[in-house]
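Below: my_file.pdb (PDB, C-alpha atoms and all ligand atoms)
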ATOM      1  CA  MET A 192      -7.259   4.991  -5.787
ATOM      2  CA  ASN A 193      -4.524   2.527  -6.730
ATOM      3  CA  ILE A 194      -1.422   2.192  -4.564
ATOM      4  CA  ILE A 195       1.866   0.353  -4.855
ATOM      5  CA  ILE A 196       3.563  -0.615  -1.607
ATOM      6  CA  PHE A 197       7.263  -1.466  -1.375
ATOM      7  CA  GLY A 198       9.241  -2.628   1.623
ATOM      8  CA  PRO A 199      11.810  -5.314   2.406
ATOM      9  CA  PRO A 200      10.787  -8.438   4.321
ATOM     10  CA  GLY A 201      10.362  -7.466   7.959
ATOM     11  CA  ALA A 202       9.510  -3.813   7.264
ATOM     12  CA  GLY A 203       5.866  -4.191   8.269
ATOM     13  CA  LYS A 204       4.404  -4.121   4.770
ATOM     14  CA  GLY A 205       1.795  -6.730   5.656
ATOM     15  CA  THR A 206       0.612  -4.805   8.713
ATOM     16  CA  GLN A 207       0.373  -1.510   6.845
ATOM     17  CA  SER A 208      -1.357  -3.059   3.838
ATOM     18  CA  LYS A 209      -3.959  -4.558   6.151
ATOM     19  CA  PHE A 210      -4.494  -1.140   7.719
ATOM     20  CA  LEU A 211      -4.988   0.438   4.267
ATOM     21  CA  VAL A 212      -7.361  -2.315   3.141
ATOM     22  CA  GLU A 213      -9.571  -1.862   6.177
ATOM     23  CA  LYS A 214      -9.515   1.905   6.444
ATOM     24  CA  TYR A 215      -9.950   2.720   2.744
ATOM     25  CA  ASN A 216     -11.820  -0.360   1.545
ATOM     26  CA  LEU A 217      -9.049  -1.383  -0.834
ATOM     27  CA  TYR A 218      -8.176  -4.748  -2.342
ATOM     28  CA  GLN A 219      -4.704  -6.135  -1.693
ATOM     29  CA  LEU A 220      -3.196  -7.743  -4.763
ATOM     30  CA  SER A 221      -0.222  -9.709  -3.474
ATOM     31  CA  THR A 222       1.416 -11.523  -6.395
ATOM     32  CA  GLY A 223       3.253 -13.911  -4.039
ATOM     33  CA  GLU A 224      -0.048 -14.916  -2.454
ATOM     34  CA  ILE A 225      -1.868 -15.299  -5.781
ATOM     35  CA  LEU A 226       0.953 -17.487  -7.087
ATOM     36  CA  ARG A 227       1.005 -19.614  -3.918
ATOM     37  CA  ASN A 228      -2.756 -20.116  -4.284
ATOM     38  CA  GLU A 229      -2.310 -21.319  -7.865
ATOM     39  CA  ILE A 230       0.072 -23.973  -6.520
ATOM     40  CA  LYS A 231      -2.225 -24.888  -3.650
ATOM     41  CA  ASN A 232      -5.162 -25.324  -6.038
ATOM     42  CA  SER A 233      -3.044 -27.332  -8.510
ATOM     43  CA  THR A 234      -4.101 -25.186 -11.459
ATOM     44  CA  ASN A 235      -2.270 -25.416 -14.799
ATOM     45  CA  ILE A 236      -0.308 -22.315 -13.866
ATOM     46  CA  GLY A 237       0.343 -23.747 -10.402
ATOM     47  CA  LYS A 238       1.887 -26.862 -11.913
ATOM     48  CA  LYS A 239       4.142 -24.770 -14.139
ATOM     49  CA  ILE A 240       5.448 -22.515 -11.379
ATOM     50  CA  SER A 241       5.896 -24.700  -8.312
ATOM     51  CA  SER A 242       9.518 -25.654  -9.008
ATOM     52  CA  ILE A 243      10.382 -22.056  -9.975
ATOM     53  CA  MET A 244       8.967 -20.728  -6.733
ATOM     54  CA  ASP A 245      10.587 -23.462  -4.665
ATOM     55  CA  ALA A 246      13.939 -22.359  -6.080
ATOM     56  CA  GLY A 247      13.186 -18.777  -5.048
ATOM     57  CA  SER A 248      13.332 -17.574  -8.662
ATOM     58  CA  LEU A 249      10.960 -15.146 -10.292
ATOM     59  CA  VAL A 250       7.951 -16.450 -12.180
ATOM     60  CA  SER A 251       7.749 -15.383 -15.855
ATOM     61  CA  ASP A 252       6.317 -11.979 -16.701
ATOM     62  CA  GLU A 253       3.722 -13.628 -18.962
ATOM     63  CA  ILE A 254       2.246 -15.665 -16.114
ATOM     64  CA  VAL A 255       2.310 -12.810 -13.620
ATOM     65  CA  SER A 256       0.711 -10.368 -16.074
ATOM     66  CA  GLU A 257      -2.044 -12.838 -16.914
ATOM     67  CA  LEU A 258      -2.942 -13.123 -13.226
ATOM     68  CA  ILE A 259      -2.664  -9.388 -12.619
ATOM     69  CA  GLU A 260      -4.885  -8.583 -15.597
ATOM     70  CA  LYS A 261      -7.652 -10.736 -14.104
ATOM     71  CA  ILE A 262      -7.758  -8.393 -11.110
ATOM     72  CA  ILE A 263      -7.230  -5.086 -12.909
ATOM     73  CA  SER A 264      -9.976  -5.915 -15.416
ATOM     74  CA  ASN A 265     -12.442  -6.855 -12.674
ATOM     75  CA  SER A 266     -14.799  -3.931 -12.166
ATOM     76  CA  ASN A 267     -15.258  -4.892  -8.478
ATOM     77  CA  TYR A 268     -11.674  -3.847  -7.849
ATOM     78  CA  LYS A 269     -11.527  -0.864 -10.158
ATOM     79  CA  SER A 270      -9.230   1.851  -8.760
ATOM     80  CA  ARG A 271      -9.036   0.271  -5.317
ATOM     81  CA  ILE A 272      -5.988  -1.953  -5.629
ATOM     82  CA  ILE A 273      -2.876  -2.120  -3.459
ATOM     83  CA  PHE A 274      -0.129  -3.727  -5.504
ATOM     84  CA  ASP A 275       2.148  -5.752  -3.240
ATOM     85  CA  GLY A 276       5.052  -7.689  -4.769
ATOM     86  CA  PHE A 277       4.555  -6.181  -8.217
ATOM     87  CA  PRO A 278       6.182  -4.575 -10.183
ATOM     88  CA  ARG A 279       9.553  -6.141  -9.421
ATOM     89  CA  SER A 280      11.456  -4.920 -12.498
ATOM     90  CA  LEU A 281      11.308  -2.123 -15.059
ATOM     91  CA  LYS A 282       9.804  -4.572 -17.525
ATOM     92  CA  GLN A 283       6.972  -5.269 -15.070
ATOM     93  CA  THR A 284       6.575  -1.526 -14.493
ATOM     94  CA  ASN A 285       5.939  -1.177 -18.198
ATOM     95  CA  ILE A 286       3.477  -4.088 -18.164
ATOM     96  CA  LEU A 287       1.606  -2.441 -15.304
ATOM     97  CA  ASP A 288       1.472   0.932 -17.093
ATOM     98  CA  ASN A 289      -0.035  -0.697 -20.160
ATOM     99  CA  LEU A 290      -2.590  -2.716 -18.219
ATOM    100  CA  LEU A 291      -3.713   0.299 -16.220
ATOM    101  CA  LYS A 292      -4.073   2.331 -19.394
ATOM    102  CA  LYS A 293      -6.086  -0.450 -21.010
ATOM    103  CA  TYR A 294      -8.573  -0.448 -18.130
ATOM    104  CA  ASN A 295      -8.619   3.309 -17.707
ATOM    105  CA  GLN A 296      -6.834   3.458 -14.382
ATOM    106  CA  LYS A 297      -3.635   4.830 -12.914
ATOM    107  CA  ILE A 298      -1.320   4.646  -9.923
ATOM    108  CA  ASP A 299      -2.084   7.421  -7.453
ATOM    109  CA  ILE A 300       0.690   6.887  -4.945
ATOM    110  CA  VAL A 301       3.697   4.679  -4.317
ATOM    111  CA  LEU A 302       4.657   4.002  -0.713
ATOM    112  CA  LYS A 303       8.066   2.723   0.273
ATOM    113  CA  LEU A 304       8.494   1.532   3.840
ATOM    114  CA  SER A 305      12.092   2.251   4.599
ATOM    115  CA  VAL A 306      13.894   0.245   7.294
ATOM    116  CA  THR A 307      17.638  -0.204   7.796
ATOM    117  CA  LEU A 308      19.283  -3.587   7.774
ATOM    118  CA  GLU A 309      20.305  -2.965  11.398
ATOM    119  CA  THR A 310      16.663  -2.703  12.436
ATOM    120  CA  ILE A 311      15.726  -5.845  10.524
ATOM    121  CA  LYS A 312      18.530  -7.699  12.317
ATOM    122  CA  LYS A 313      17.368  -6.358  15.667
ATOM    123  CA  ARG A 314      13.762  -7.409  14.984
ATOM    124  CA  ILE A 315      14.919 -10.880  14.014
ATOM    125  CA  SER A 316      17.050 -11.341  17.109
ATOM    126  CA  GLU A 317      14.179 -10.210  19.324
ATOM    127  CA  ARG A 318      11.899 -12.702  17.616
ATOM    128  CA  LYS A 319      14.589 -15.356  17.860
ATOM    129  CA  ASN A 320      14.791 -14.942  21.615
ATOM    130  CA  LEU A 321      11.037 -15.227  21.849
ATOM    131  CA  GLU A 322      10.612 -18.178  19.530
ATOM    132  CA  LYS A 323      14.019 -19.778  19.982
ATOM    133  CA  ARG A 324      14.673 -19.820  16.252
ATOM    134  CA  SER A 325      18.010 -20.831  14.792
ATOM    135  CA  ASP A 326      20.638 -18.509  13.378
ATOM    136  CA  ASP A 327      19.891 -19.440   9.756
ATOM    137  CA  SER A 328      16.809 -17.268   9.789
ATOM    138  CA  GLU A 329      18.999 -14.186  10.292
ATOM    139  CA  GLU A 330      21.319 -15.067   7.441
ATOM    140  CA  ILE A 331      18.429 -15.757   5.083
ATOM    141  CA  ALA A 332      16.690 -12.555   6.106
ATOM    142  CA  ILE A 333      19.820 -10.474   5.447
ATOM    143  CA  LYS A 334      20.170 -12.032   2.017
ATOM    144  CA  ARG A 335      16.520 -11.400   1.196
ATOM    145  CA  TYR A 336      16.789  -7.793   2.394
ATOM    146  CA  LYS A 337      19.779  -7.075   0.159
ATOM    147  CA  MET A 338      18.190  -8.807  -2.823
ATOM    148  CA  TYR A 339      14.971  -6.891  -2.334
ATOM    149  CA  GLU A 340      16.648  -3.499  -2.074
ATOM    150  CA  LYS A 341      18.802  -4.137  -5.140
ATOM    151  CA  SER A 342      16.008  -5.446  -7.358
ATOM    152  CA  THR A 343      13.479  -2.745  -6.480
ATOM    153  CA  GLU A 344      15.929   0.172  -6.773
ATOM    154  CA  PRO A 345      15.317   0.968 -10.477
ATOM    155  CA  VAL A 346      11.560   0.588 -10.018
ATOM    156  CA  ILE A 347      11.578   2.969  -7.059
ATOM    157  CA  GLU A 348      13.641   5.468  -9.107
ATOM    158  CA  TYR A 349      11.057   5.272 -11.872
ATOM    159  CA  TYR A 350       8.203   6.261  -9.551
ATOM    160  CA  LYS A 351      10.338   8.894  -7.863
ATOM    161  CA  LYS A 352      10.838  10.623 -11.219
ATOM    162  CA  LEU A 353       7.083  10.578 -11.752
ATOM    163  CA  ASN A 354       6.694  12.298  -8.377
ATOM    164  CA  LEU A 355       4.559   9.460  -7.060
ATOM    165  CA  LEU A 356       6.953   8.157  -4.423
ATOM    166  CA  LYS A 357       6.493   8.677  -0.694
ATOM    167  CA  VAL A 358       9.181   7.219   1.526
ATOM    168  CA  ILE A 359       7.835   6.278   4.943
ATOM    169  CA  ASP A 360      10.164   5.903   7.892
ATOM    170  CA  GLY A 361       9.414   2.319   8.908
ATOM    171  CA  GLU A 362      11.577   2.504  12.023
ATOM    172  CA  ARG A 363       8.776   3.969  14.099
ATOM    173  CA  SER A 364       5.824   2.369  15.873
ATOM    174  CA  ILE A 365       2.958   0.818  13.910
ATOM    175  CA  GLU A 366       0.615   3.596  15.091
ATOM    176  CA  GLN A 367       2.984   6.366  14.010
ATOM    177  CA  ILE A 368       3.329   4.784  10.579
ATOM    178  CA  ASN A 369      -0.471   4.369  10.308
ATOM    179  CA  LYS A 370      -0.774   8.073  11.086
ATOM    180  CA  GLU A 371       1.748   9.147   8.446
ATOM    181  CA  ILE A 372       0.058   6.987   5.827
ATOM    182  CA  SER A 373      -3.359   8.410   6.757
ATOM    183  CA  ASP A 374      -1.996  11.949   6.367
ATOM    184  CA  ILE A 375      -0.631  11.102   2.922
ATOM    185  CA  MET A 376      -3.954   9.531   1.923
ATOM    186  CA  ALA A 377      -5.851  12.614   3.096
ATOM    187  CA  LEU A 378      -3.653  14.784   0.900
ATOM    188  CA  ILE A 379      -4.186  12.602  -2.138
ATOM    189  CA  GLU A 380      -7.907  12.340  -1.617
ATOM    190  CA  GLY A 381      -7.920  16.102  -1.626
ATOM    191  CA  TRP A 382      -6.289  16.076  -5.029
ATOM    192  CA  LEU A 383      -8.541  13.497  -6.620
TER
HETATM  193  P1  LIG A 401       6.660 -12.649  -2.192
HETATM  194  O1  LIG A 401       5.575 -13.217  -1.358
HETATM  195  O2  LIG A 401       6.331 -11.290  -2.763
HETATM  196  O3  LIG A 401       7.999 -12.654  -1.516
HETATM  197  O4  LIG A 401       6.791 -13.617  -3.469
HETATM  198  C1  LIG A 401       7.069 -14.979  -3.324
HETATM  199  C2  LIG A 401       7.540 -15.573  -4.651
HETATM  200  O5  LIG A 401       6.526 -15.392  -5.634
HETATM  201  C3  LIG A 401       8.766 -14.918  -5.262
HETATM  202  O6  LIG A 401       9.953 -15.470  -4.762
HETATM  203  C4  LIG A 401       8.577 -15.234  -6.739
HETATM  204  O7  LIG A 401       8.923 -16.575  -7.023
HETATM  205  C5  LIG A 401       7.083 -15.100  -6.910
HETATM  206  N1  LIG A 401       6.677 -13.723  -7.279
HETATM  207  C6  LIG A 401       5.965 -12.852  -6.521
HETATM  208  N2  LIG A 401       5.775 -11.686  -7.164
HETATM  209  C7  LIG A 401       6.370 -11.820  -8.366
HETATM  210  C8  LIG A 401       6.536 -10.972  -9.488
HETATM  211  N3  LIG A 401       6.051  -9.717  -9.473
HETATM  212  N4  LIG A 401       7.213 -11.448 -10.557
HETATM  213  C9  LIG A 401       7.708 -12.695 -10.578
HETATM  214  N5  LIG A 401       7.600 -13.560  -9.564
HETATM  215  C10 LIG A 401       6.939 -13.139  -8.448
END

Represent the structure of the file as structure tokens.
Amino acid sequence: MNIIIFGPPGAGKGTQSKFLVEKYNLYQLSTGEILRNEIKNSTNIGKKISSIMDAGSLVSDEIVSELIEKIISNSNYKSRIIFDGFPRSLKQTNILDNLLKKYNQKIDIVLKLSVTLETIKKRISERKNLEKRSDDSEEIAIKRYKMYEKSTEPVIEYYKKLNLLKVIDGERSIEQINKEISDIMALIEGWL
């Protein structure tokens, strides 16, 4: 089964993806991580994108789709991918649809971890007290949260219309969220 996971920074997307990977033997395709690795390994793509990523801008759809296709076309990962960080726009949603069709796959479920800005702020201030971080981290995190919510809104709407969207209340404990996700997975596995 292929999954897309959405959630603003600080929502616990990393923790839940890890849980899914381990429990269901899935492969996590994080575009941010793949792109950072290209830079780290100084590949041709890495050289092209390092300044774009440093500026916090989005990498071109051509580059991202080339990297994504490598994974989708790999039979080792067939129908066991968690998409994290992609798609980020309706254009990318369309790219993903076409790639999945090409390799005879589909999206089975879209999970959105929903957390309020208030909770994100609270989590940051708790961390700040622990790690004695400066105030800038809160400002940056608020900006990233708002940007994330705004940019993913049309994409989320798209999957909602297709009846693939499950909104998970990310305000609860990690274990409670694990449990809700497991219940959803059990339902889907029943359908497949
Ligand atoms: P992330 O780790 O998902 O926050 O991504 C880190 C950076 O990687 C972003 O700021 C973008 O520069 C780039 N990136 C990640 N995913 C995408 C994507 N789907 N499309 C374009 N750029 C992306």

- One residue among A:Gln283, A:Ser373, A:Ala202, A:Ser242 is nearest to Pro345 in chain A when using all atoms listed in the file, and that residue is A:Gln283

- Task: Could you tell me which residues the PyMOL selection byres (((not hetatm)) within 9 of (chain A and resi 401)) grabs in this file, written as an NGL selection string?
- Result: :A and (200 or 221-227 or 240-241 or 243-252 or 254-256 or 275-280 or 283)

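In terms of minimum interatomic distance to Lys303 in chain A, A:Leu356 ranks closest within A:Ile286, A:Leu356, A:Ile262, A:Met192, counting all atoms listed in the file.
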
- Message: What does the structure give for the distance between CA of Thr206 in chain A and CA of Ile347 in chain A, in Å to one decimal?
- Response: 20.7 Å

- Using only C-alpha atoms, the best pick from A:Leu304, A:Ile195, A:Ile331, A:Ile315 as closest to Gln219 in chain A would be A:Ile195

- Can you tell me how far CA of Phe210 in chain A sits from CA of Lys297 in chain A, in Å to one decimal? 21.5 Å

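Considering the residues A:Leu258, A:Ile311, A:Ile365, A:Leu291 and counting only C-alpha atoms, Asn228 in chain A has its shortest atom-to-atom contact with A:Leu258.
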
Starting from 5 Å padding per side, set up an axis-aligned box that covers all listed atoms of range 195-211 of chain A and hand over centre and edge lengths in Å, one decimal, as JSON.
{"center_x": 3.4, "center_y": -4.0, "center_z": 1.9, "size_x": 26.8, "size_y": 18.9, "size_z": 23.6}

- Query: With only C-alpha atoms as the atoms that count, which of A:Phe197, A:Ile236, A:Glu260, A:Gly203 lies nearest to Asp288 in chain A?
  - Reply: A:Glu260

- Task: To verify the selection step, state as JSON, numbers by chain which residues the PyMOL selection byres (((chain A and resi 376) around 12) and not hetatm) yields on this input.
- Result: {"A": [192, 193, 194, 211, 214, 215, 299, 300, 301, 302, 357, 369, 370, 371, 372, 373, 374, 375, 377, 378, 379, 380, 381, 382, 383]}
